[in-house]
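Student: Structure: model_7.json, JSON, C-alpha atoms.
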[["chain", "number", "residue", "atom", "x", "y", "z"],
["N", 1, "MET", "CA", -0.72, 90.13, 228.16],
["N", 2, "THR", "CA", -1.71, 86.58, 229.10],
["N", 3, "GLU", "CA", 0.91, 83.91, 228.64],
["N", 4, "ILE", "CA", -0.26, 80.79, 226.86],
["N", 5, "ALA", "CA", 0.45, 77.54, 228.69],
["N", 6, "PRO", "CA", 2.56, 75.06, 226.75],
["N", 7, "GLN", "CA", 0.72, 72.26, 224.96],
["N", 8, "THR", "CA", 1.29, 68.91, 226.65],
["N", 9, "ILE", "CA", 2.65, 66.16, 224.41],
["N", 10, "VAL", "CA", 3.76, 62.54, 224.64],
["N", 11, "LEU", "CA", 6.52, 61.33, 222.32],
["N", 12, "ASP", "CA", 7.10, 57.69, 221.57],
["N", 13, "THR", "CA", 10.61, 56.26, 221.53],
["N", 14, "ASN", "CA", 10.96, 56.35, 217.74],
["N", 15, "ILE", "CA", 10.17, 60.06, 217.69],
["N", 16, "VAL", "CA", 12.81, 60.64, 220.37],
["N", 17, "LEU", "CA", 15.32, 58.76, 218.22],
["N", 18, "ASP", "CA", 14.25, 60.82, 215.20],
["N", 19, "LEU", "CA", 14.94, 64.00, 217.15],
["N", 20, "TRP", "CA", 18.40, 63.29, 218.53],
["N", 21, "LEU", "CA", 19.85, 60.31, 216.68],
["N", 22, "TYR", "CA", 18.45, 60.31, 213.16],
["N", 23, "VAL", "CA", 17.87, 64.09, 213.04],
["N", 24, "ASP", "CA", 14.85, 63.37, 210.86],
["N", 25, "PRO", "CA", 13.86, 66.27, 208.57],
["N", 26, "ALA", "CA", 10.34, 66.03, 210.01],
["N", 27, "THR", "CA", 11.51, 67.00, 213.52],
["N", 28, "PRO", "CA", 12.94, 70.58, 213.46],
["N", 29, "ASP", "CA", 9.59, 72.13, 214.38],
["N", 30, "LEU", "CA", 9.26, 69.77, 217.32],
["N", 31, "LEU", "CA", 12.79, 70.47, 218.51],
["N", 32, "GLU", "CA", 12.20, 74.20, 218.24],
["N", 33, "ALA", "CA", 8.94, 73.91, 220.21],
["N", 34, "LEU", "CA", 10.70, 71.91, 222.92],
["N", 35, "THR", "CA", 13.57, 74.37, 223.09],
["N", 36, "ALA", "CA", 11.21, 77.36, 223.24],
["N", 37, "GLN", "CA", 9.10, 75.55, 225.88],
["N", 38, "ARG", "CA", 5.95, 75.87, 223.77],
["N", 39, "VAL", "CA", 5.30, 72.20, 224.49],
["N", 40, "ASP", "CA", 5.44, 70.27, 227.73],
["N", 41, "TRP", "CA", 6.74, 66.78, 226.99],
["N", 42, "VAL", "CA", 5.49, 64.39, 229.66],
["N", 43, "ALA", "CA", 7.06, 60.97, 230.03],
["N", 44, "THR", "CA", 7.46, 58.25, 232.62],
["N", 45, "GLN", "CA", 10.53, 56.54, 233.98],
["N", 46, "ALA", "CA", 9.41, 53.44, 232.06],
["N", 47, "MET", "CA", 9.63, 55.45, 228.83],
["N", 48, "ARG", "CA", 13.16, 56.56, 229.69],
["N", 49, "ASP", "CA", 14.06, 52.97, 230.56],
["N", 50, "GLU", "CA", 12.74, 51.83, 227.17],
["N", 51, "LEU", "CA", 14.84, 54.48, 225.42],
["N", 52, "GLU", "CA", 17.91, 53.40, 227.37],
["N", 53, "ARG", "CA", 17.29, 49.77, 226.37],
["N", 54, "VAL", "CA", 16.72, 50.66, 222.69],
["N", 55, "LEU", "CA", 19.99, 52.59, 222.67],
["N", 56, "THR", "CA", 21.80, 49.27, 223.26],
["N", 57, "TYR", "CA", 20.40, 47.62, 220.09],
["N", 58, "PRO", "CA", 23.31, 46.88, 217.72],
["N", 59, "HIS", "CA", 21.90, 48.88, 214.78],
["N", 60, "ILE", "CA", 21.26, 51.86, 217.07],
["N", 61, "VAL", "CA", 24.75, 51.64, 218.58],
["N", 62, "LEU", "CA", 26.19, 51.62, 215.06],
["N", 63, "ARG", "CA", 24.14, 54.66, 214.09],
["N", 64, "MET", "CA", 25.21, 56.51, 217.24],
["N", 65, "HIS", "CA", 28.84, 55.69, 216.49],
["N", 66, "LYS", "CA", 28.47, 57.06, 212.93],
["N", 67, "SER", "CA", 26.87, 60.20, 214.37],
["N", 68, "GLY", "CA", 29.54, 60.65, 217.03],
["N", 69, "LEU", "CA", 27.04, 60.05, 219.81],
["N", 70, "VAL", "CA", 26.81, 57.74, 222.78],
["N", 71, "ALA", "CA", 23.72, 56.67, 224.67],
["N", 72, "LYS", "CA", 24.26, 59.22, 227.43],
["N", 73, "ASP", "CA", 24.02, 62.02, 224.81],
["N", 74, "VAL", "CA", 20.53, 60.95, 223.77],
["N", 75, "LEU", "CA", 19.48, 60.27, 227.36],
["N", 76, "ALA", "CA", 20.72, 63.74, 228.34],
["N", 77, "GLN", "CA", 18.29, 65.24, 225.81],
["N", 78, "PHE", "CA", 15.48, 63.17, 227.30],
["N", 79, "ASP", "CA", 16.43, 64.39, 230.76],
["N", 80, "ARG", "CA", 16.66, 67.99, 229.59],
["N", 81, "PHE", "CA", 13.31, 68.19, 227.84],
["N", 82, "ALA", "CA", 10.99, 65.54, 229.31],
["N", 83, "ARG", "CA", 9.02, 66.13, 232.48],
["N", 84, "VAL", "CA", 8.92, 62.77, 234.22],
["N", 85, "VAL", "CA", 5.53, 62.03, 235.74],
["N", 86, "PRO", "CA", 3.99, 58.99, 237.45],
["N", 87, "VAL", "CA", 2.87, 56.01, 235.39],
["N", 88, "ALA", "CA", -0.67, 56.49, 234.14],
["N", 89, "ASP", "CA", -3.63, 54.23, 234.77],
["N", 90, "ARG", "CA", -4.78, 52.03, 231.89],
["N", 91, "ALA", "CA", -6.57, 53.96, 229.17],
["N", 92, "PRO", "CA", -10.06, 52.97, 228.03],
["N", 93, "TYR", "CA", -8.55, 51.67, 224.78],
["N", 94, "VAL", "CA", -5.90, 48.97, 224.58],
["N", 95, "CYS", "CA", -3.23, 48.91, 221.89],
["N", 96, "LYS", "CA", -2.45, 45.70, 220.01],
["N", 97, "ASP", "CA", 1.23, 46.35, 220.75],
["N", 98, "LEU", "CA", 1.44, 46.32, 224.54],
["N", 99, "ASP", "CA", 4.84, 48.06, 224.41],
["N", 100, "ASP", "CA", 3.01, 51.13, 223.11],
["N", 101, "GLN", "CA", 0.30, 51.09, 225.76],
["N", 102, "LYS", "CA", 2.29, 53.26, 228.18],
["N", 103, "PHE", "CA", 2.32, 56.12, 225.64],
["N", 104, "ILE", "CA", -1.43, 55.83, 225.06],
["N", 105, "ASP", "CA", -2.18, 55.63, 228.78],
["N", 106, "LEU", "CA", -0.19, 58.77, 229.49],
["N", 107, "ALA", "CA", -1.66, 60.72, 226.57],
["N", 108, "CYS", "CA", -5.15, 59.81, 227.80],
["N", 109, "VAL", "CA", -4.46, 61.05, 231.33],
["N", 110, "TYR", "CA", -3.34, 64.42, 229.96],
["N", 111, "SER", "CA", -5.81, 64.54, 227.02],
["N", 112, "CYS", "CA", -2.90, 65.71, 224.94],
["N", 113, "TRP", "CA", -1.02, 65.21, 221.70],
["N", 114, "LEU", "CA", 0.65, 61.85, 221.07],
["N", 115, "VAL", "CA", 3.35, 61.87, 218.41],
["N", 116, "SER", "CA", 4.09, 58.35, 217.16],
["N", 117, "LYS", "CA", 4.90, 56.63, 213.88],
["N", 118, "ASP", "CA", 3.90, 53.24, 215.23],
["N", 119, "LYS", "CA", 1.16, 51.71, 213.08],
["N", 120, "ALA", "CA", -0.56, 50.10, 216.07],
["N", 121, "VAL", "CA", -0.86, 53.53, 217.70],
["N", 122, "LEU", "CA", -1.88, 55.35, 214.53],
["N", 123, "THR", "CA", -4.72, 52.90, 213.93],
["N", 124, "MET", "CA", -6.18, 54.02, 217.26],
["N", 125, "ARG", "CA", -6.35, 57.67, 216.16],
["N", 126, "ASN", "CA", -10.16, 57.89, 215.86],
["N", 127, "ARG", "CA", -10.86, 56.10, 219.13],
["N", 128, "LEU", "CA", -8.37, 58.24, 221.04],
["N", 129, "ALA", "CA", -9.75, 61.44, 219.50],
["N", 130, "ARG", "CA", -13.06, 60.67, 221.24],
["N", 131, "ILE", "CA", -11.32, 61.17, 224.58],
["N", 132, "GLY", "CA", -9.27, 64.22, 223.67],
["N", 133, "VAL", "CA", -6.03, 62.68, 222.40],
["N", 134, "SER", "CA", -4.66, 63.84, 219.04],
["N", 135, "VAL", "CA", -2.44, 61.18, 217.46],
["N", 136, "VAL", "CA", -0.14, 62.08, 214.58],
["N", 137, "SER", "CA", 3.11, 60.82, 213.11],
["N", 138, "ARG", "CA", 4.57, 64.29, 212.63],
["N", 139, "PHE", "CA", 4.47, 67.20, 215.04],
["N", 140, "ALA", "CA", 4.15, 69.69, 212.15],
["N", 141, "VAL", "CA", 0.67, 68.30, 211.44],
["N", 142, "LEU", "CA", -0.45, 69.19, 214.95],
["N", 143, "VAL", "CA", 0.66, 72.78, 214.72],
["N", 144, "GLY", "CA", -0.57, 73.30, 211.17],
["N", 145, "LEU", "CA", 2.91, 73.59, 209.65],
["N", 146, "ASP", "CA", 2.36, 70.70, 207.28],
["N", 147, "ALA", "CA", -0.24, 71.07, 204.56],
["N", 148, "ARG", "CA", -0.47, 67.30, 204.20],
["N", 149, "ALA", "CA", -2.79, 65.93, 206.87],
["N", 150, "ASN", "CA", -1.13, 62.54, 206.86],
["N", 151, "GLY", "CA", -1.36, 62.24, 210.61]]
As C-alpha cells, what does this structure read like?
Tutor:
Amino acid sequence: MTEIAPQTIVLDTNIVLDLWLYVDPATPDLLEALTAQRVDWVATQAMRDELERVLTYPHIVLRMHKSGLVAKDVLAQFDRFARVVPVADRAPYVCKDLDDQKFIDLACVYSCWLVSKDKAVLTMRNRLARIGVSVVSRFAVLVGLDARANG
C-alpha cells in the first residue's frame, strides 16, 4: 500500500492564533490534520517572529491570560507543528498588505494551500490559483469538509 505524502500548507498568523489561542470552531479539522501529519505546515523564521511579536499585543496578552496561556505555550505549538524553511523569493503577485507577502511568497514556492482570513490575501485567490496556490479562509473548505465554498 502506497503512503500518501502530506499536503503542504502555509498558515497565516491569524489562523495560528485561531488554532491555539482562540480555539476557533472552524479549526478542529486543521488541528486534527496537523496532529495526524496529513498536512505539512511550512513556515519561515520571519513568520515565527511575527507570531512572537503579535503575542505581545495588549489584547492578545489579555486573551492569553483569560485562557490560562502564555506566549511560550503558543510558540511551542508553532515549534511542534511547523517545519521552518528558508525565506522564499518574491512571488509573481504582490499583496497590497506587505506584511502578508511572506505567506504568499512561501505558498507560491511550494504551490500549496494558503489558509488566511486576511482580506488582502483572499482578494488574490484567483491570481494565485493560476500558479497552483489554493487560498481559503477555512481549512475545512480545502478538504471538502465544509459544504459552503466560502473560501
Student: Using all atoms listed in the file, can you tell me which of N:Cys108, N:Ala76, N:Val135, N:Ile9 comes closest to Ala33 in chain N?
Tutor: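 Among N:Cys108, N:Ala76, N:Val135, N:Ile9, it is N:Ile9 that comes nearest to Ala33 in chain N.
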Student: Which residues are near Val133 in chain N? Cut-off 7 Å, all atoms listed in the file, ignore same chain within fewer than 6 positions. Put them as a PyMOL selection string.
Tutor: chain N and resi 107-108+111-114
Student: Find, counting all atoms listed in the file, the residue in N:Val54, N:Val42, N:Phe139, N:Leu21 that gets nearest to Asp105 in chain N.
Tutor: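 Comparing N:Val54, N:Val42, N:Phe139, N:Leu21 against Asp105 in chain N, the winner is N:Val42.
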Student: Which residues, written as a list in words, have at least one atom at most 12 Å from Val23 in chain N, with only C-alpha atoms counted and residues fewer than 4 positions away on the same chain left out?
Tutor: Asn14, Ile15, Val16, Leu17, Asp18, Leu19, Thr27, Pro28, Asp29, Leu30, Leu31, Arg63, Met64, Ser67 and Val74 of chain N
Student: For range 27-47 of chain N versus range 84-102 of chain N, which residues have an atom no more than 8 Å away, and what is each residue's nearest atom pair and distance in Å rounded to one decimal, using all atoms listed in the file, chain-then-number order, as a tab-separated table?
Tutor:
residue	atom	partner	partner_atom	distance
N:Val42	CA	N:Val84	CA	5.9
N:Ala43	CA	N:Val84	CA	4.9
N:Thr44	CA	N:Val84	CA	5.0
N:Gln45	CA	N:Val84	CA	6.4
N:Ala46	CA	N:Val87	CA	7.8
N:Met47	CA	N:Lys102	CA	7.7
Student: Between CA of Phe103 in chain N and CA of Asp118 in chain N, what distance in Å does the model show, to one decimal?
Tutor: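 CA of Asp118 in chain N lies at a distance of 10.9 Å from CA of Phe103 in chain N.
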Student: Smallest atom-to-atom distance to Asp73 in chain N: which of N:Trp20, N:Thr13, N:Leu34, N:Ser137, using all atoms listed in the file?
Tutor: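 Smallest separation from Asp73 in chain N among the options: N:Trp20.
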Student: How many Å separate CA of Ser116 in chain N from CA of Asp12 in chain N?
Tutor: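 Calculated distance between CA of Ser116 in chain N and CA of Asp12 in chain N is 5.4 Å.
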Student: With distances taken over only C-alpha atoms, which residue among N:Asp24, N:Glu50, N:Asp40, N:Glu32 lies nearest Ala5 in chain N?
Tutor: N:Asp40
Student: Would you work out the distance separating CA of Gly132 in chain N from CA of Val10 in chain N, expressed in Å to one decimal?
Tutor: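 Rounded to one decimal, the two atoms are 13.2 Å apart.
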